[in-house]
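Student: Here it is: the structure, laid out below.
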Amino acid sequence: MALITYLTRIQFEAGAVRLLGAELEALGASAPLIVTDRGIVAAGIIDQVIAASGLPASVAVFDGTPENPTEAAAHAGVEAYRAGGCDSVVAVGGGSAIDLAKAVALLVTHDGPLAQYAAILGGLDRITADKPPVIAVPTTAGTGSEVGRAALLTLEDGRKLGFISPHMIPSVAICDPELTTGLPAYLTAATGMDTVTHCIETYLSPRYNPVAEAIALDGLGRAVRALPRAVADGRDIAARTDMMMAALQGGLTFQKGLGAVHSMSHPLGGLKTVKLHHGTLNAVLLPAVLTFNRPEAGRKYEAIARVLGLEPNADLADALRRFAADLGLPATLSAMGVPRDVLPEMAEHAVRDHSTATNPRKAEVGDFLAMLEASY
Ligand SMILES: [Zn+2]
């Protein structure tokens with residue numbers, strides 16, 4: 001009836017990054033490729049990680065992670081891995097760096113083209129355990145990719161696809177809230193709304209997994225209490241710790257499947273003409289999806305309302321819209337710079353996205369277009 005797995009080894013505490021060297025050693029690895037982005041390097045976080053973990057200053061670093069990871073960047077990462085004589089991959093960054101690191105580890109041992117490993121193209125059976133180990137060190141509290149089975153990548157032909165397999169789960173996640181204290185308020189809000197969306201969508205997914213539902217509701221409550229505090233004061237380590245835990249909880253549970261918010265934010269995130277943040281997109285799309293799903297949600301909306309501290313029959317769409325606005329996030333796709341003429345194409349992509357199967361209410365192309373229009 002259900003496949004329920006919770007297997008990731010997780011080191012979770014302020015200062016946990018000091019354990020990176022020992023965790024690599026336990027995996028039998030001694031020459032990691034650190035996959036990150038230039039912003040993380042410029043913020044001094046890579047120096048901080050190297051110093052705390054005892055890795056040599058000469059450790060191989062690939063800092064070419066784009067805002068949304070791409071097939072080209074994955075190939076460039078593989079070249080850096082080979083050039084450095086590496087035996088493992090350490091992701092240091094947000095969801096993009098972690099997803100890219102997963103793709104680099106995949107392509108080190110799995111021959112191209114990359115597209116054949118995409119979930120919707122039958123990739124699940126082609127991804128094997130024969131891959132170098134990956135350790136994920138998140139520097140945002142949002143994606144949950146550090147414990148997730150998926151990597152999202154934009155292919156050369158423009159499609160943004162999910163690469164999903166139990167073998168894509170990092171061997172170890174090192175969750176150190178101190179690494180998130182320098183994250184600017186806007187990114188704290190945006191990545192935090194990704195967590196909120198993960199907890200809501202995975203809770204609403206119709207798949208049978210009460211374990212995931214309990215964790216998702218706890219994560220949602222934790223996130224809505226902590227996120228405004230983390231946005232107001234980035235150095236509030238208690239709020240940062242709760243956000244990192246909520247992101248982890250969202251990531252642990254979205255094995256149950258996400259929903260229509262992610263069906264639409266995936267193709268929008270793949271647009272080449274405009275760079276759109278995944279979490280901000282989710283915050284903007286969430287109210288329209290909550291309204292659309294209401295007829296199928298039943299008692300689950302009452303449980304969400306309770307967690308949010310609202311009356312049982314409260315308008316969740318309205319509450320989440322106000323919550324995101326109070327965090328300083330934009331309210332519409334037009335405010336984010338999305339051109340209106342892409343909406344029909346985005347609706348076509350959304351209906352084929354891997355998250356669509358677990359939306360609680362069946363959504364056709366016309367439904368997606370209506371939700372995109374309502375969010376515009
Ligand atoms: Zn997400």
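Note on naming: chains are A, B, ... as they come in the structure tokens, residues start from 1 per chain, ligands start from 1 in the order shown.
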For ligand 1, return the neighbouring residues as a list in words (distance at most 9 Å; only C-alpha atoms and all ligand atoms).
Tutor: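 The neighbouring residues of ligand 1 are, in order, Gly95, Gly142, Thr143, Gly144, Ser145, Thr191, Met193, Asp194, Thr195, Thr197, His198, Gly251, Leu258, Val261, His262, Ser265, His266, His278, Gly279 and Asn282 of chain A.
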Student: Please write the residues from the selection above to a file, keeping N, CA, C and O atoms, as an mmCIF file, in the first residue's frame.
Tutor:
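Saved as out13.cif:
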data_model
loop_
_atom_site.group_PDB
_atom_site.id
_atom_site.type_symbol
_atom_site.label_atom_id
_atom_site.label_comp_id
_atom_site.auth_asym_id
_atom_site.auth_seq_id
_atom_site.Cartn_x
_atom_site.Cartn_y
_atom_site.Cartn_z
ATOM 1 N N GLY A 95 19.339 25.020 -2.558
ATOM 2 C CA GLY A 95 18.838 23.887 -3.329
ATOM 3 C C GLY A 95 19.529 23.721 -4.668
ATOM 4 O O GLY A 95 19.741 22.594 -5.132
ATOM 5 N N GLY A 142 15.207 25.870 3.292
ATOM 6 C CA GLY A 142 14.146 25.971 2.301
ATOM 7 C C GLY A 142 13.864 24.679 1.573
ATOM 8 O O GLY A 142 12.854 24.031 1.804
ATOM 9 N N THR A 143 14.803 24.270 0.740
ATOM 10 C CA THR A 143 14.470 23.246 -0.250
ATOM 11 C C THR A 143 14.300 21.861 0.352
ATOM 12 O O THR A 143 13.544 21.066 -0.171
ATOM 13 N N GLY A 144 15.047 21.549 1.404
ATOM 14 C CA GLY A 144 15.008 20.180 1.911
ATOM 15 C C GLY A 144 15.720 19.200 1.003
ATOM 16 O O GLY A 144 15.709 17.992 1.235
ATOM 17 N N SER A 145 16.367 19.712 -0.030
ATOM 18 C CA SER A 145 17.045 18.832 -0.986
ATOM 19 C C SER A 145 18.130 17.997 -0.319
ATOM 20 O O SER A 145 18.515 16.943 -0.837
ATOM 21 N N THR A 191 13.114 31.390 0.550
ATOM 22 C CA THR A 191 13.416 29.975 0.775
ATOM 23 C C THR A 191 12.497 29.407 1.855
ATOM 24 O O THR A 191 12.080 28.250 1.786
ATOM 25 N N MET A 193 9.407 30.232 2.360
ATOM 26 C CA MET A 193 8.103 29.937 1.765
ATOM 27 C C MET A 193 8.147 28.660 0.939
ATOM 28 O O MET A 193 7.121 28.005 0.732
ATOM 29 N N ASP A 194 9.332 28.281 0.468
ATOM 30 C CA ASP A 194 9.460 26.969 -0.183
ATOM 31 C C ASP A 194 9.183 25.871 0.852
ATOM 32 O O ASP A 194 8.437 24.924 0.585
ATOM 33 N N THR A 195 9.755 26.027 2.033
ATOM 34 C CA THR A 195 9.505 25.066 3.119
ATOM 35 C C THR A 195 8.022 24.998 3.470
ATOM 36 O O THR A 195 7.447 23.910 3.592
ATOM 37 N N THR A 197 5.536 25.679 1.629
ATOM 38 C CA THR A 197 4.814 25.026 0.532
ATOM 39 C C THR A 197 5.054 23.519 0.530
ATOM 40 O O THR A 197 4.131 22.729 0.296
ATOM 41 N N HIS A 198 6.284 23.106 0.798
ATOM 42 C CA HIS A 198 6.553 21.654 0.866
ATOM 43 C C HIS A 198 5.682 20.994 1.928
ATOM 44 O O HIS A 198 5.097 19.942 1.696
ATOM 45 N N GLY A 251 11.597 18.320 3.549
ATOM 46 C CA GLY A 251 12.369 17.470 2.638
ATOM 47 C C GLY A 251 12.198 15.985 2.933
ATOM 48 O O GLY A 251 12.132 15.167 2.019
ATOM 49 N N LEU A 258 4.504 16.145 -4.061
ATOM 50 C CA LEU A 258 4.094 17.538 -3.907
ATOM 51 C C LEU A 258 2.806 17.757 -4.708
ATOM 52 O O LEU A 258 2.015 16.838 -4.844
ATOM 53 N N VAL A 261 1.345 23.534 -6.966
ATOM 54 C CA VAL A 261 2.233 24.701 -6.840
ATOM 55 C C VAL A 261 3.569 24.379 -7.512
ATOM 56 O O VAL A 261 4.072 25.141 -8.346
ATOM 57 N N HIS A 262 4.120 23.219 -7.156
ATOM 58 C CA HIS A 262 5.406 22.833 -7.747
ATOM 59 C C HIS A 262 5.273 22.466 -9.226
ATOM 60 O O HIS A 262 6.210 22.676 -9.989
ATOM 61 N N SER A 265 5.682 25.949 -10.581
ATOM 62 C CA SER A 265 6.946 26.655 -10.303
ATOM 63 C C SER A 265 8.125 25.980 -10.994
ATOM 64 O O SER A 265 9.118 26.645 -11.310
ATOM 65 N N HIS A 266 8.029 24.686 -11.277
ATOM 66 C CA HIS A 266 9.130 24.029 -11.995
ATOM 67 C C HIS A 266 9.323 24.603 -13.398
ATOM 68 O O HIS A 266 10.422 25.073 -13.718
ATOM 69 N N HIS A 278 12.659 30.005 -6.967
ATOM 70 C CA HIS A 278 11.712 28.904 -6.742
ATOM 71 C C HIS A 278 10.779 29.176 -5.554
ATOM 72 O O HIS A 278 9.555 29.004 -5.647
ATOM 73 N N GLY A 279 11.340 29.620 -4.447
ATOM 74 C CA GLY A 279 10.522 29.831 -3.260
ATOM 75 C C GLY A 279 9.555 31.000 -3.436
ATOM 76 O O GLY A 279 8.402 30.936 -2.981
ATOM 77 N N ASN A 282 6.679 29.846 -5.472
ATOM 78 C CA ASN A 282 5.748 29.038 -4.692
ATOM 79 C C ASN A 282 4.856 29.915 -3.813
ATOM 80 O O ASN A 282 3.659 29.668 -3.692
#
Student: Using the chain letters and numbers from this document, which residues of stretch 51-222 of chain A does DSSP assign to strand (DSSP E), as a list in words?
Tutor: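 In stretch 51-222 of chain A, DSSP puts these residues in strand (DSSP E): Ala60, Val61, Phe62, Ser88, Val89, Val90, Ala91, Val92, Gly93, Val134, Ile135, Ala136, Val137, Pro138, Ala150, Ala151, Leu152, Leu153, Thr154, Lys160, Leu161, Gly162, Phe163, Ile164, Val172, Ala173, Ile174 and Cys175 of chain A.
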Student: Using only C-alpha atoms for the distances, tell me which of A:Ser263, A:Leu179, A:Ala80, A:Gln255 is nearest to A:Gly44.
Tutor: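 Using only C-alpha atoms, the shortest distance to A:Gly44 belongs to A:Leu179.
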Student: Please determine, counting only C-alpha atoms, which residue among A:Ala91, A:Leu33, A:Val338, A:Ala232 has the shortest atom-to-atom distance to A:Leu271.
Tutor: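 Of the candidates, the smallest distance to A:Leu271 is held by A:Val338.
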Student: Which one is closest to A:Gly122: A:Thr109, A:Ser334, A:Ser53, A:His354? Count only C-alpha atoms.
Tutor: A:His354
Student: Near A:Ala357, counting only C-alpha atoms, which residues have an atom at most 10 Å away, once you skip same-chain residues fewer than 5 positions from it, shown as a PDB file with C-alpha atoms, in the first residue's frame?
Tutor:
ATOM      1  CA  SER A 205      -0.879  14.672  -1.275  1.00  0.00           C
ATOM      2  CA  PRO A 206      -3.383  11.795  -1.450  1.00  0.00           C
ATOM      3  CA  ARG A 207      -0.722   9.085  -1.026  1.00  0.00           C
ATOM      4  CA  GLY A 257       4.675  13.807  -3.469  1.00  0.00           C
ATOM      5  CA  LEU A 258       4.094  17.538  -3.907  1.00  0.00           C
ATOM      6  CA  GLY A 259       1.322  19.218  -5.876  1.00  0.00           C
ATOM      7  CA  ALA A 260       0.155  21.851  -8.310  1.00  0.00           C
ATOM      8  CA  SER A 263       3.912  21.665 -11.073  1.00  0.00           C
ATOM      9  CA  VAL A 351       0.177  19.213 -16.506  1.00  0.00           C
ATOM     10  CA  ARG A 352       3.124  16.955 -17.438  1.00  0.00           C
ATOM     11  CA  LYS A 362      -7.055  16.497 -10.670  1.00  0.00           C
ATOM     12  CA  ALA A 363      -5.805  19.487 -12.651  1.00  0.00           C
TER      13      ALA A 363
END
Student: Which neighbours of A:Tyr81 fall inside 10 Å, counting only C-alpha atoms, when residues of the same chain fewer than 4 positions from it are skipped, and could you give them as JSON, numbers by chain?
Tutor: {"A": [31, 32, 33, 34, 35, 60, 61, 62, 75, 76, 77, 85, 86, 87, 88, 89, 104, 105, 108]}
Student: Using only C-alpha atoms, which residue out of A:Pro228, A:Pro267, A:Pro287, A:Gly366 lies closest to A:Gly328?
Tutor: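 Checking each candidate against A:Gly328, we get A:Pro228 as the closest.
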Student: If DSSP is run on the backbone, what residues of stretch 150-359 of chain A are alpha helix (DSSP H)? A reply as a PyMOL selection string would be ideal.
Tutor: chain A and resi 185-204+210-232+237-253+260-269+278-297+299-307+316-326+343-352
Student: Output C-alpha atoms for every residue in that selection, as a CSV table (one decimal), in the first residue's frame.
Tutor:
chain,number,residue,atom,x,y,z
A,185,ALA,CA,16.0,38.8,4.7
A,186,TYR,CA,14.5,38.5,1.2
A,187,LEU,CA,16.1,35.1,0.5
A,188,THR,CA,15.2,34.0,4.0
A,189,ALA,CA,11.6,34.8,3.2
A,190,ALA,CA,11.7,33.2,-0.2
A,191,THR,CA,13.4,30.0,0.8
A,192,GLY,CA,11.3,29.8,3.9
A,193,MET,CA,8.1,29.9,1.8
A,194,ASP,CA,9.5,27.0,-0.2
A,195,THR,CA,9.5,25.1,3.1
A,196,VAL,CA,6.0,26.2,4.0
A,197,THR,CA,4.8,25.0,0.5
A,198,HIS,CA,6.6,21.7,0.9
A,199,CYS,CA,4.9,21.0,4.2
A,200,ILE,CA,1.4,22.0,2.9
A,201,GLU,CA,1.6,20.2,-0.5
A,202,THR,CA,3.1,17.0,1.0
A,203,TYR,CA,0.4,17.0,3.7
A,204,LEU,CA,-2.3,17.4,1.0
A,210,PRO,CA,0.6,9.2,7.9
A,211,VAL,CA,4.2,9.4,9.1
A,212,ALA,CA,4.9,12.0,6.5
A,213,GLU,CA,1.7,13.9,7.3
A,214,ALA,CA,2.6,14.2,11.0
A,215,ILE,CA,6.1,15.4,10.2
A,216,ALA,CA,4.7,17.9,7.6
A,217,LEU,CA,2.2,19.4,10.0
A,218,ASP,CA,4.9,19.8,12.7
A,219,GLY,CA,7.2,21.4,10.1
A,220,LEU,CA,4.5,23.8,8.9
A,221,GLY,CA,3.8,25.0,12.4
A,222,ARG,CA,7.5,25.4,13.2
A,223,ALA,CA,8.0,27.4,10.0
A,224,VAL,CA,5.1,29.8,10.3
A,225,ARG,CA,6.2,30.6,13.9
A,226,ALA,CA,9.9,31.0,13.1
A,227,LEU,CA,10.0,32.5,9.6
A,228,PRO,CA,8.8,36.1,10.6
A,229,ARG,CA,11.5,36.1,13.3
A,230,ALA,CA,14.2,34.8,11.1
A,231,VAL,CA,13.3,37.5,8.5
A,232,ALA,CA,13.2,40.3,11.1
A,237,ILE,CA,19.8,31.4,16.1
A,238,ALA,CA,16.6,29.9,17.7
A,239,ALA,CA,14.5,31.0,14.7
A,240,ARG,CA,17.2,29.9,12.2
A,241,THR,CA,17.4,26.5,13.9
A,242,ASP,CA,13.6,26.1,13.7
A,243,MET,CA,13.7,27.1,10.0
A,244,MET,CA,16.4,24.6,9.3
A,245,MET,CA,14.5,21.9,11.0
A,246,ALA,CA,11.3,22.8,9.2
A,247,ALA,CA,13.1,22.7,5.9
A,248,LEU,CA,14.5,19.3,6.8
A,249,GLN,CA,11.0,18.1,7.8
A,250,GLY,CA,9.6,19.3,4.5
A,251,GLY,CA,12.4,17.5,2.6
A,252,LEU,CA,11.9,14.2,4.6
A,253,THR,CA,8.2,14.1,3.8
A,260,ALA,CA,0.2,21.9,-8.3
A,261,VAL,CA,2.2,24.7,-6.8
A,262,HIS,CA,5.4,22.8,-7.7
A,263,SER,CA,3.9,21.7,-11.1
A,264,MET,CA,3.8,25.3,-12.1
A,265,SER,CA,6.9,26.7,-10.3
A,266,HIS,CA,9.1,24.0,-12.0
A,267,PRO,CA,8.5,25.2,-15.6
A,268,LEU,CA,8.5,28.9,-14.6
A,269,GLY,CA,11.9,28.3,-12.9
A,278,HIS,CA,11.7,28.9,-6.7
A,279,GLY,CA,10.5,29.8,-3.3
A,280,THR,CA,9.1,33.2,-4.3
A,281,LEU,CA,7.2,31.5,-7.2
A,282,ASN,CA,5.7,29.0,-4.7
A,283,ALA,CA,4.7,31.8,-2.4
A,284,VAL,CA,2.9,33.6,-5.3
A,285,LEU,CA,1.3,30.4,-6.6
A,286,LEU,CA,0.2,28.9,-3.3
A,287,PRO,CA,-3.0,30.9,-2.7
A,288,ALA,CA,-4.6,30.1,-6.1
A,289,VAL,CA,-3.8,26.4,-5.6
A,290,LEU,CA,-5.2,26.3,-2.1
A,291,THR,CA,-8.4,27.8,-3.5
A,292,PHE,CA,-8.5,25.3,-6.4
A,293,ASN,CA,-7.9,22.3,-4.1
A,294,ARG,CA,-10.4,23.3,-1.5
A,295,PRO,CA,-13.3,21.0,-2.8
A,296,GLU,CA,-11.0,17.9,-2.3
A,297,ALA,CA,-9.2,18.9,0.8
A,299,ARG,CA,-10.7,17.8,7.0
A,300,LYS,CA,-7.1,18.4,6.0
A,301,TYR,CA,-7.8,22.2,5.6
A,302,GLU,CA,-9.1,22.3,9.2
A,303,ALA,CA,-5.9,20.7,10.4
A,304,ILE,CA,-3.8,23.2,8.5
A,305,ALA,CA,-5.9,26.1,9.9
A,306,ARG,CA,-5.4,24.7,13.4
A,307,VAL,CA,-1.6,24.7,12.9
A,316,LEU,CA,-6.2,29.5,3.9
A,317,ALA,CA,-5.5,31.1,0.6
A,318,ASP,CA,-6.1,34.6,2.1
A,319,ALA,CA,-4.1,33.7,5.2
A,320,LEU,CA,-1.0,32.5,3.3
A,321,ARG,CA,-1.2,35.5,0.9
A,322,ARG,CA,-1.0,37.9,3.9
A,323,PHE,CA,1.7,35.8,5.5
A,324,ALA,CA,3.9,36.1,2.4
A,325,ALA,CA,3.1,39.8,2.0
A,326,ASP,CA,4.2,40.5,5.6
A,343,LEU,CA,1.3,31.4,-19.3
A,344,PRO,CA,-0.4,28.9,-21.8
A,345,GLU,CA,3.0,27.2,-22.4
A,346,MET,CA,3.6,27.0,-18.7
A,347,ALA,CA,0.2,25.4,-18.2
A,348,GLU,CA,1.1,22.7,-20.8
A,349,HIS,CA,4.3,22.0,-19.0
A,350,ALA,CA,2.7,21.9,-15.6
A,351,VAL,CA,0.2,19.2,-16.5
A,352,ARG,CA,3.1,17.0,-17.4
Student: From the list A:Thr139, A:Thr180, A:Gln116, A:Ser96, which residue is nearest A:Ala151 when using only C-alpha atoms?
Tutor: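 With only C-alpha atoms as the atom set, the closest residue is A:Ser96.
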Student: Which residue, A:Ile10, A:Leu153, A:Ile45, A:Ile164, has the smallest gap to A:Glu23 when you use only C-alpha atoms?
Tutor: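 With only C-alpha atoms as the atom set, the closest residue is A:Ile10.
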Student: May I have the residues within 6 Å of A:Thr36 as a VMD selection string, using only C-alpha atoms and disregarding those fewer than 5 positions away in the same chain?
Tutor: chain A and resid 63 65 92 to 93 97
Student: Could you dump the residues just selected with all heavy atoms as a tab-separated table (two decimals), in the first residue's frame?
Tutor:
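Writing the result to out-v5.tsv gives the following:
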chain	number	residue	atom	x	y	z
A	63	ASP	N	32.59	26.42	-8.28
A	63	ASP	CA	31.66	27.47	-7.84
A	63	ASP	C	30.74	27.94	-8.97
A	63	ASP	O	30.17	29.02	-8.91
A	63	ASP	CB	32.44	28.66	-7.24
A	63	ASP	CG	33.27	29.39	-8.28
A	63	ASP	OD1	33.26	29.00	-9.47
A	63	ASP	OD2	33.96	30.37	-7.90
A	65	THR	N	27.72	26.99	-9.89
A	65	THR	CA	26.28	26.68	-9.82
A	65	THR	C	25.47	27.90	-10.26
A	65	THR	O	25.59	28.97	-9.65
A	65	THR	CB	25.87	26.32	-8.37
A	65	THR	OG1	26.68	25.24	-7.92
A	65	THR	CG2	24.41	25.92	-8.31
A	92	VAL	N	27.69	22.64	-0.90
A	92	VAL	CA	27.57	23.71	0.10
A	92	VAL	C	26.76	24.83	-0.55
A	92	VAL	O	27.25	25.50	-1.46
A	92	VAL	CB	28.94	24.23	0.56
A	92	VAL	CG1	28.76	25.34	1.60
A	92	VAL	CG2	29.80	23.10	1.13
A	93	GLY	N	25.52	25.00	-0.13
A	93	GLY	CA	24.70	26.05	-0.73
A	93	GLY	C	23.23	25.78	-0.54
A	93	GLY	O	22.82	24.98	0.30
A	97	ALA	N	22.71	24.39	-5.54
A	97	ALA	CA	24.02	23.74	-5.39
A	97	ALA	C	23.85	22.27	-5.02
A	97	ALA	O	24.59	21.41	-5.52
A	97	ALA	CB	24.85	24.47	-4.33
